[in-house]
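Asks: Dropping a structure here in structure tokens format, bear with me for questions.
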Amino acid sequence: MAKRILAVDDSASMRQMVLFTLQGAGYEVLQACDGVEALGMARASTVDLVLTDVHMPRMDGITLVRELRTLPNYKFVPMLILTTESSQQKKMDGKSAGATGWIVKPFNPPQLLATVARVI
Amino acid sequence: MTLDPEMAEIAKVFFQESREGLDVMESGLLSLDATADTENINTIFRAAHSIKGGSATFGFVEVADFTHGVETLLDQMRNGVRPVTPEAIQTLLQACDCLREMVAATEAEKPLDKDRIAALNADITHILGEPVHQAPTPGAHQGASDAGAVDNARPGIAALNQHSGWRIAFEPVADLLRVRNEPTRMFAELEGMGAFTARADVSRLPPLDELDPETCYLSWNIEIAGEIPRARLDEVFDWVDSRCRLEIVPIGDSAAAAAEPAGNAAPHPPGAASADARSAAAEAQRGPAIAAAPAQKAAGESGSIRVATEKVDNIINLVGELLITQSMLSGFADGIDPDDLDRLRQGLSQLARNTRELQESVMQIRMLPISFAFNRFPRIVHDLSRKLGKKVELKLSGEGTELDKTVLEKISDPLVHLVRNALDHGLESPDRRLAAGKQETGTIELAAFHEGGNIIIEVRDDGAGLNKPKILQKARERALIAADMDLSDEQIDNLIFMPGFSTAEQVSDVSGRGVGMDVVRRNINDLGGHVQISSKEGLGSTIRIRLPLTLAILDGQLVRVGKEVYVISLLAIVETIQVGRERVNTLAGRTEVFRLRDEYLPVIKLCDQFGVEPDSRSATDGLLVVVEADGKRAGVLVDELLAQQQVVIKSLESNFKPVSGIAGATILGDGTVALIIDVPDFIREAVKRSGAVNAHAA
């Protein structure tokens, strides 16, 4: 069965880019445009990986990761944050919220696939 | 930069999104003041951030680099280390303009205005170069792409690479597995790099009954052979480097091992430290990072989908067909056996209701809030008031009022013209306002609201009002009105919409621009709307625009001429009358005119225009439907008034060809086609033919 990935980004172009890349590689992709929507979707079903942007309206990616980790179904689900910031601080924030790792933007489709392959 | 077709499609979304983001930035910047509302700056920052991320992803390096400076400045502002000054806001607004052009040029694959970009970049760098509340930020101005490179390539390490392999001591923290960092996966990656052995240290493993399956008790000693760049190893351990004790030493170089101890206390792996410290330091300069941005609702976020207008139009067309079928069935039901009729009627009325509801909700798809047009104004007023040295407060109301996308797009330019006019000619300079006993700051209000199935947009100013004597004088000079014509105040004000009224005297850099108020009125009339102005001397002017909700449906009056049925827009109809012989005159032996109170109006004979055989050939026999457009009136001669109903407009242009005097066609319940009369067109023709009418009336 195809692995399911929840992609969260407030930018439609980034979502489409992620969607296009991941679907092309045979993954099944759910999309959400902010943390609140993603949390709702995550509660409704389980996925094999969460990919989330950091800066989003309503609920940012770090908070989303922290919230997801409190759900029993998401205790062990890999979660990656997408960040344009190479800063250690954001990554550490992500780690302490429970993120598995990160992808530094900009990334191209092969980089995204390689990173996803590291966790699922 | 060429993208493959799929990515090019996605890039289109990026361009659209960037434009929306820039609008958000602009309106946010305009509402920023010295108090610097954090939520607002956050919204602006996020917009810039998305543009940077997207442009970098799609390889638009110039856009990404330029946005990086903007983003850095905004980041400092939101963290409170950089004051929000009017100058900085101005620079950021210019940066928005510049970015908008860069995005447009990139999309059109045209060259960028490098000088302008460089100049603005210098401005931003200059602001960034001023001391912040803490120490200056070294390296804060790197491009986004090399920021990524710093992280991955870890420069300065290459020198250490010449070894036959690496020895790695990896001792993860106990809860490593809880965030799903799997050592096995990491090892699989290492295995792909060279000959790999890992020895697990099981000394910390508890007895089975005490074992917590979620805890990691193991640590490993790893050896990997081959000339592997250190950076590749760092990449593998990048995600865990704060969650483990890690030592990476070249094989056969024990001195280095001793020199580079690492552990939980020092969260960075050796070697990576320099790069990490640099970015960490840069981060520290920005002040405390906001880990959890407060939950908020940004402007214009309404859970929307983007659908091509063409597709929506197609659906609207189909629904229109459905409506026609339904009314055809209703007509058919009138002629069948009364016994079965009740159930059929019931079903039909249900169909009618469903169809109407369906149509209404489909039409809703085309409806957009007028804020799309209003949003431009804070910026326009901001820039213009600076230029004119006037103080203005812009008030917007009813931004949520929805109207058809096409109407919205077409009303935008006339509105800009009206607002510019109000600012340039309406509002007085601050000293003149003070002298007149008014507040120094003038007000311009833009309001939108519903009124009886129409949308009303009002542009109000509290300026000097129109100079009626001067308007009257000018209108007489230009022979727009007869010299001795007596006009009401309202009529005088509305003279400014007459063609040929806009004069060289009025043209300035700000308004004028060769577009007169007559063009504004024509544009609005083309939308089936109507514009009027009223003003009070010393108190200001109000321009009132009335627009139909949509262009796809028309509230029509069905009229009969002979055997043909025509549709006249209810909006254009003033009244319907019967006239006696004493009120009808014939001009030049052919054109009939009739007297309506103090006015002589031309008679439009549809029978002659369309070559149909009418019941009544003379104005005295039939009914005269008095219609109005562009402030001019005429009487349309018809045989009978039929029903009033909403008709779905079918374009004649796309189904046949454009025909003068016909605005379109519709299909009636019985399946016949009825032509929709183009009232403005007819009136223009009629007035031209009876050019003597005004003279006669005078």
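Ordered as shown in the structure tokens, chains take letters A, B, and onward, while each chain numbers its residues from 1 and ligands are numbered from 1 in the order shown.
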Env of Ala99 of chain A: 7 Å cut, atoms = only C-alpha atoms, seq-sep filter 2 positions within chain, self excluded. Answer as a compact mmCIF listing (two decimals) with N, CA and C atoms, in the first residue's frame.

Replies:
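part.txt, freshly written:
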```txt
# COMPACT_ATOMS: atom_id res chain seq x y z
N VAL A 65 3.47 20.23 15.23
CA VAL A 65 4.24 19.05 15.59
C VAL A 65 4.02 18.71 17.08
N MET A 79 7.98 13.24 11.52
CA MET A 79 7.50 14.57 11.14
C MET A 79 8.69 15.41 10.73
N LEU A 80 8.57 16.01 9.56
CA LEU A 80 9.66 16.86 9.06
C LEU A 80 9.15 18.29 8.92
N ILE A 81 9.97 19.25 9.32
CA ILE A 81 9.57 20.63 9.11
C ILE A 81 10.32 21.19 7.90
N GLY A 94 12.04 22.97 16.53
CA GLY A 94 11.34 21.86 15.90
C GLY A 94 11.63 20.55 16.60
N LYS A 95 12.91 20.33 16.89
CA LYS A 95 13.30 19.08 17.56
C LYS A 95 12.61 18.98 18.92
N ALA A 97 9.99 20.26 19.89
CA ALA A 97 8.54 20.05 19.76
C ALA A 97 8.25 18.60 19.37
N GLY A 101 12.98 15.68 11.90
CA GLY A 101 14.05 16.36 11.20
C GLY A 101 13.51 17.51 10.40
N VAL B 179 10.83 10.61 18.70
CA VAL B 179 10.57 11.52 17.58
C VAL B 179 10.86 10.82 16.26
```

Asks: Do you have, as a tab-separated table, the list of residues of chain A lying at most 9 Å from chain B, each with its nearest atom pair and that distance in Å to one decimal, counting only C-alpha atoms and ordered by chain then number?

Replies:
```
residue	atom	partner	partner_atom	distance
A:Asp10	CA	B:Ser50	CA	8.3
A:Ser11	CA	B:Ser50	CA	6.6
A:Ala12	CA	B:Val13	CA	6.9
A:Ser13	CA	B:Phe14	CA	4.8
A:Met14	CA	B:Gly54	CA	6.4
A:Gln16	CA	B:Ile10	CA	6.3
A:Met17	CA	B:Ile10	CA	6.4
A:Phe20	CA	B:Glu6	CA	8.0
A:His55	CA	B:Arg46	CA	6.3
A:Met56	CA	B:Arg46	CA	7.1
A:Pro57	CA	B:Gln296	CA	6.1
A:Arg58	CA	B:Ala295	CA	4.0
A:Met59	CA	B:Ala295	CA	5.5
A:Asp60	CA	B:Ala292	CA	6.3
A:Gly61	CA	B:Ala292	CA	8.4
A:Ile62	CA	B:Ala292	CA	6.8
A:Thr63	CA	B:Ala292	CA	6.0
A:Arg69	CA	B:Val179	CA	8.3
A:Lys75	CA	B:Arg178	CA	6.7
A:Phe76	CA	B:Arg180	CA	5.5
A:Val77	CA	B:Arg180	CA	6.5
A:Pro78	CA	B:Arg180	CA	5.3
A:Met79	CA	B:Val179	CA	7.8
A:Thr83	CA	B:Gly53	CA	8.4
A:Thr84	CA	B:Gly53	CA	6.2
A:Glu85	CA	B:Ala147	CA	7.8
A:Ser86	CA	B:Gly148	CA	6.0
A:Ser87	CA	B:Ser279	CA	5.2
A:Gln88	CA	B:Ala280	CA	5.5
A:Gln89	CA	B:Ala280	CA	6.4
A:Lys90	CA	B:Ala291	CA	7.7
A:Lys91	CA	B:Trp239	CA	8.4
A:Met92	CA	B:Ser242	CA	7.9
A:Asp93	CA	B:Ala291	CA	6.9
A:Gly94	CA	B:Ala291	CA	8.8
A:Lys95	CA	B:Trp239	CA	8.0
A:Gly98	CA	B:Val179	CA	5.3
A:Ala99	CA	B:Val179	CA	6.0
A:Thr100	CA	B:Val179	CA	5.1
A:Gly101	CA	B:Trp239	CA	5.0
A:Trp102	CA	B:Trp239	CA	7.2
A:Val104	CA	B:Gly148	CA	6.5
A:Lys105	CA	B:Gly53	CA	6.3
A:Pro106	CA	B:Thr57	CA	4.5
A:Phe107	CA	B:Thr57	CA	5.9
A:Asn108	CA	B:Thr57	CA	6.6
A:Arg118	CA	B:Arg185	CA	6.5
A:Val119	CA	B:Arg185	CA	7.1
A:Ile120	CA	B:Arg185	CA	8.9
```

Asks: Please report, as a PDB file with C-alpha atoms, in the first residue's frame, each residue of segment 319-517 of chain B to which DSSP assigns alpha helix (DSSP H) when run on this structure's backbone.

Replies:
```pdb
ATOM      1  CA  VAL B 319     -27.797  26.221 -15.311  1.00  0.00           C
ATOM      2  CA  GLY B 320     -29.317  28.821 -17.590  1.00  0.00           C
ATOM      3  CA  GLU B 321     -30.313  26.027 -19.979  1.00  0.00           C
ATOM      4  CA  LEU B 322     -31.840  24.155 -17.073  1.00  0.00           C
ATOM      5  CA  LEU B 323     -33.859  27.217 -16.173  1.00  0.00           C
ATOM      6  CA  ILE B 324     -35.133  27.431 -19.709  1.00  0.00           C
ATOM      7  CA  THR B 325     -36.082  23.743 -19.797  1.00  0.00           C
ATOM      8  CA  GLN B 326     -37.919  24.168 -16.549  1.00  0.00           C
ATOM      9  CA  SER B 327     -39.958  27.098 -17.782  1.00  0.00           C
ATOM     10  CA  MET B 328     -40.634  25.223 -21.011  1.00  0.00           C
ATOM     11  CA  LEU B 329     -42.042  22.310 -19.019  1.00  0.00           C
ATOM     12  CA  SER B 330     -44.177  24.672 -16.984  1.00  0.00           C
ATOM     13  CA  GLY B 331     -45.657  26.101 -20.139  1.00  0.00           C
ATOM     14  CA  PHE B 332     -46.277  22.613 -21.468  1.00  0.00           C
ATOM     15  CA  ALA B 333     -48.071  21.589 -18.283  1.00  0.00           C
ATOM     16  CA  PRO B 338     -56.312  18.294 -15.627  1.00  0.00           C
ATOM     17  CA  ASP B 339     -56.356  14.966 -13.721  1.00  0.00           C
ATOM     18  CA  ASP B 340     -52.608  14.400 -13.827  1.00  0.00           C
ATOM     19  CA  LEU B 341     -51.904  18.032 -13.566  1.00  0.00           C
ATOM     20  CA  ASP B 342     -51.634  18.525  -9.834  1.00  0.00           C
ATOM     21  CA  ARG B 343     -48.775  16.125  -9.361  1.00  0.00           C
ATOM     22  CA  LEU B 344     -47.003  17.441 -12.401  1.00  0.00           C
ATOM     23  CA  ARG B 345     -47.425  21.030 -11.208  1.00  0.00           C
ATOM     24  CA  GLN B 346     -46.112  20.089  -7.799  1.00  0.00           C
ATOM     25  CA  GLY B 347     -43.079  18.457  -9.319  1.00  0.00           C
ATOM     26  CA  LEU B 348     -42.512  21.399 -11.596  1.00  0.00           C
ATOM     27  CA  SER B 349     -42.699  23.969  -8.841  1.00  0.00           C
ATOM     28  CA  GLN B 350     -40.163  21.929  -6.929  1.00  0.00           C
ATOM     29  CA  LEU B 351     -37.981  21.837 -10.017  1.00  0.00           C
ATOM     30  CA  ALA B 352     -38.400  25.576 -10.338  1.00  0.00           C
ATOM     31  CA  ARG B 353     -37.331  26.148  -6.771  1.00  0.00           C
ATOM     32  CA  ASN B 354     -34.364  23.819  -7.009  1.00  0.00           C
ATOM     33  CA  THR B 355     -33.268  25.336 -10.271  1.00  0.00           C
ATOM     34  CA  ARG B 356     -33.432  28.828  -8.888  1.00  0.00           C
ATOM     35  CA  GLU B 357     -31.491  27.869  -5.797  1.00  0.00           C
ATOM     36  CA  LEU B 358     -28.930  26.047  -7.875  1.00  0.00           C
ATOM     37  CA  GLN B 359     -28.577  29.039 -10.093  1.00  0.00           C
ATOM     38  CA  GLU B 360     -28.171  31.376  -7.174  1.00  0.00           C
ATOM     39  CA  SER B 361     -25.438  29.282  -5.635  1.00  0.00           C
ATOM     40  CA  VAL B 362     -23.651  28.867  -8.950  1.00  0.00           C
ATOM     41  CA  MET B 363     -23.794  32.599  -9.485  1.00  0.00           C
ATOM     42  CA  GLN B 364     -22.264  32.981  -6.056  1.00  0.00           C
ATOM     43  CA  ILE B 365     -19.087  31.398  -7.379  1.00  0.00           C
ATOM     44  CA  ARG B 366     -18.540  34.403  -9.575  1.00  0.00           C
ATOM     45  CA  SER B 371     -12.457  44.518  -1.018  1.00  0.00           C
ATOM     46  CA  PHE B 372     -10.565  43.237  -4.076  1.00  0.00           C
ATOM     47  CA  ALA B 373     -11.165  46.654  -5.617  1.00  0.00           C
ATOM     48  CA  PHE B 374     -11.055  48.646  -2.392  1.00  0.00           C
ATOM     49  CA  PHE B 377      -7.001  52.542  -2.276  1.00  0.00           C
ATOM     50  CA  PRO B 378      -5.066  52.827   0.966  1.00  0.00           C
ATOM     51  CA  ARG B 379      -1.879  52.781  -1.096  1.00  0.00           C
ATOM     52  CA  ILE B 380      -3.175  55.135  -3.774  1.00  0.00           C
ATOM     53  CA  VAL B 381      -4.421  57.615  -1.189  1.00  0.00           C
ATOM     54  CA  HIS B 382      -1.216  57.287   0.837  1.00  0.00           C
ATOM     55  CA  ASP B 383       1.000  58.057  -2.155  1.00  0.00           C
ATOM     56  CA  LEU B 384      -1.215  60.737  -3.604  1.00  0.00           C
ATOM     57  CA  SER B 385      -1.745  62.658  -0.394  1.00  0.00           C
ATOM     58  CA  ARG B 386       2.013  62.811   0.101  1.00  0.00           C
ATOM     59  CA  LYS B 387       2.415  64.112  -3.401  1.00  0.00           C
ATOM     60  CA  LEU B 388      -0.302  66.739  -3.068  1.00  0.00           C
ATOM     61  CA  LYS B 405     -16.049  39.284 -10.878  1.00  0.00           C
ATOM     62  CA  THR B 406     -16.376  40.997 -14.261  1.00  0.00           C
ATOM     63  CA  VAL B 407     -18.205  43.958 -12.779  1.00  0.00           C
ATOM     64  CA  LEU B 408     -15.579  44.135 -10.086  1.00  0.00           C
ATOM     65  CA  GLU B 409     -12.726  44.166 -12.572  1.00  0.00           C
ATOM     66  CA  LYS B 410     -14.338  46.811 -14.715  1.00  0.00           C
ATOM     67  CA  ILE B 411     -15.377  49.092 -11.890  1.00  0.00           C
ATOM     68  CA  SER B 412     -11.888  49.280 -10.475  1.00  0.00           C
ATOM     69  CA  ASP B 413     -10.456  51.874 -12.877  1.00  0.00           C
ATOM     70  CA  PRO B 414     -13.433  54.247 -12.755  1.00  0.00           C
ATOM     71  CA  LEU B 415     -13.254  54.088  -8.960  1.00  0.00           C
ATOM     72  CA  VAL B 416      -9.574  54.964  -8.999  1.00  0.00           C
ATOM     73  CA  HIS B 417     -10.390  57.935 -11.191  1.00  0.00           C
ATOM     74  CA  LEU B 418     -13.136  59.104  -8.855  1.00  0.00           C
ATOM     75  CA  VAL B 419     -10.993  58.779  -5.761  1.00  0.00           C
ATOM     76  CA  ARG B 420      -8.094  60.604  -7.410  1.00  0.00           C
ATOM     77  CA  ASN B 421     -10.487  63.347  -8.420  1.00  0.00           C
ATOM     78  CA  PRO B 430      -4.644  71.712   5.043  1.00  0.00           C
ATOM     79  CA  ASP B 431      -4.303  75.495   5.426  1.00  0.00           C
ATOM     80  CA  ARG B 432      -7.398  76.171   3.376  1.00  0.00           C
ATOM     81  CA  ARG B 433      -9.317  73.648   5.430  1.00  0.00           C
ATOM     82  CA  LEU B 434      -8.188  75.302   8.636  1.00  0.00           C
ATOM     83  CA  ALA B 435      -9.135  78.697   7.222  1.00  0.00           C
ATOM     84  CA  LYS B 468     -21.660  75.297  -9.460  1.00  0.00           C
ATOM     85  CA  PRO B 469     -21.362  78.764 -11.050  1.00  0.00           C
ATOM     86  CA  LYS B 470     -18.105  77.752 -12.699  1.00  0.00           C
ATOM     87  CA  ILE B 471     -19.564  74.490 -14.004  1.00  0.00           C
ATOM     88  CA  LEU B 472     -22.573  76.313 -15.382  1.00  0.00           C
ATOM     89  CA  GLN B 473     -20.372  78.889 -17.030  1.00  0.00           C
ATOM     90  CA  LYS B 474     -18.157  76.278 -18.595  1.00  0.00           C
ATOM     91  CA  ALA B 475     -21.102  74.239 -19.829  1.00  0.00           C
ATOM     92  CA  ARG B 476     -22.528  77.328 -21.503  1.00  0.00           C
ATOM     93  CA  GLU B 477     -19.154  78.250 -23.010  1.00  0.00           C
ATOM     94  CA  ASP B 489     -28.444  72.128  -8.457  1.00  0.00           C
ATOM     95  CA  GLU B 490     -28.353  68.405  -9.050  1.00  0.00           C
ATOM     96  CA  GLN B 491     -28.524  68.828 -12.798  1.00  0.00           C
ATOM     97  CA  ILE B 492     -25.657  71.304 -12.661  1.00  0.00           C
ATOM     98  CA  ASP B 493     -23.480  68.923 -10.667  1.00  0.00           C
ATOM     99  CA  MET B 517     -15.732  61.933 -16.105  1.00  0.00           C
TER     100      MET B 517
END
```

Asks: Give the answer as one residue: which of A:Ser45, A:Val8, A:Val116, A:Thr52 has the shortest atom-to-atom distance to Ala32 of chain A, using only C-alpha atoms?

Replies: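 Of the candidates, the smallest distance to Ala32 of chain A is held by A:Val8.
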
Asks: What lies within 9 Å of Ser618 of chain B using only C-alpha atoms, ignoring chain neighbours under 6 positions off, as a ChimeraX atom specification?

Replies: /B:592,605,637

Asks: For the residues selected in the previous step, produce a file with N, CA and C atoms as a PDB file, in the first residue's frame.

Replies:
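Writing done, so here's part.pdb:
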```
ATOM      1  N   GLU B 592     -40.409  60.976 -35.383  1.00  0.00           N
ATOM      2  CA  GLU B 592     -41.452  61.399 -34.458  1.00  0.00           C
ATOM      3  C   GLU B 592     -40.850  61.742 -33.099  1.00  0.00           C
ATOM      4  N   LYS B 605     -38.786  53.300 -33.006  1.00  0.00           N
ATOM      5  CA  LYS B 605     -39.734  52.309 -33.522  1.00  0.00           C
ATOM      6  C   LYS B 605     -39.009  51.006 -33.830  1.00  0.00           C
ATOM      7  N   LEU B 637     -41.534  52.477 -28.860  1.00  0.00           N
ATOM      8  CA  LEU B 637     -42.914  52.159 -29.208  1.00  0.00           C
ATOM      9  C   LEU B 637     -43.111  50.650 -29.248  1.00  0.00           C
TER      10      LEU B 637
END
```

Asks: Pick out each residue of chain A that DSSP on the backbone tags as strand (DSSP E); I need them as a list in words.

Replies: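 Checking each residue of chain A, the strand (DSSP E) ones are Arg4, Ile5, Leu6, Ala7, Val8, Glu28, Val29, Leu30, Gln31, Ala32, Leu49, Val50, Leu51, Thr52, Asp53, Met79, Leu80, Ile81, Leu82, Thr83, Gly101, Trp102, Ile103 and Val104 of chain A.
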
Asks: Could those selected residues go to a file with C-alpha atoms, as a JSON list (two decimals), in the first residue's frame?

Replies:
```json
[["chain", "number", "residue", "atom", "x", "y", "z"],
["A", 4, "ARG", "CA", 0.48, 8.36, 3.07],
["A", 5, "ILE", "CA", 2.02, 11.77, 3.60],
["A", 6, "LEU", "CA", 0.33, 14.81, 5.09],
["A", 7, "ALA", "CA", 1.79, 17.96, 3.51],
["A", 8, "VAL", "CA", 1.07, 21.23, 5.30],
["A", 28, "GLU", "CA", -0.39, 9.21, -1.43],
["A", 29, "VAL", "CA", -0.60, 12.84, -0.34],
["A", 30, "LEU", "CA", -3.06, 14.67, 1.90],
["A", 31, "GLN", "CA", -2.84, 18.44, 1.94],
["A", 32, "ALA", "CA", -3.62, 21.08, 4.52],
["A", 49, "LEU", "CA", 4.72, 11.04, 7.51],
["A", 50, "VAL", "CA", 3.92, 14.68, 8.23],
["A", 51, "LEU", "CA", 5.71, 17.39, 6.24],
["A", 52, "THR", "CA", 5.01, 20.86, 7.53],
["A", 53, "ASP", "CA", 6.02, 24.42, 6.80],
["A", 79, "MET", "CA", 7.50, 14.57, 11.14],
["A", 80, "LEU", "CA", 9.66, 16.86, 9.06],
["A", 81, "ILE", "CA", 9.57, 20.63, 9.11],
["A", 82, "LEU", "CA", 10.21, 22.68, 5.99],
["A", 83, "THR", "CA", 12.13, 25.79, 6.80],
["A", 101, "GLY", "CA", 14.05, 16.36, 11.20],
["A", 102, "TRP", "CA", 13.87, 19.13, 8.68],
["A", 103, "ILE", "CA", 14.29, 20.06, 5.06],
["A", 104, "VAL", "CA", 15.90, 23.37, 4.33]]
```

Asks: For each of A:Pro109, A:Ala114, A:Met1, A:Arg66, take the minimum atom-to-atom distance to Gly24 of chain A, counting only C-alpha atoms, then give the residue where this is smallest.

Replies: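 The shortest atom-to-atom distance to Gly24 of chain A comes from A:Pro109.
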
Asks: At what distance in Å, to one decimal, does atom CA of Gly635 of chain B lie from atom CA of Tyr600 of chain B?

Replies: 10.0 Å
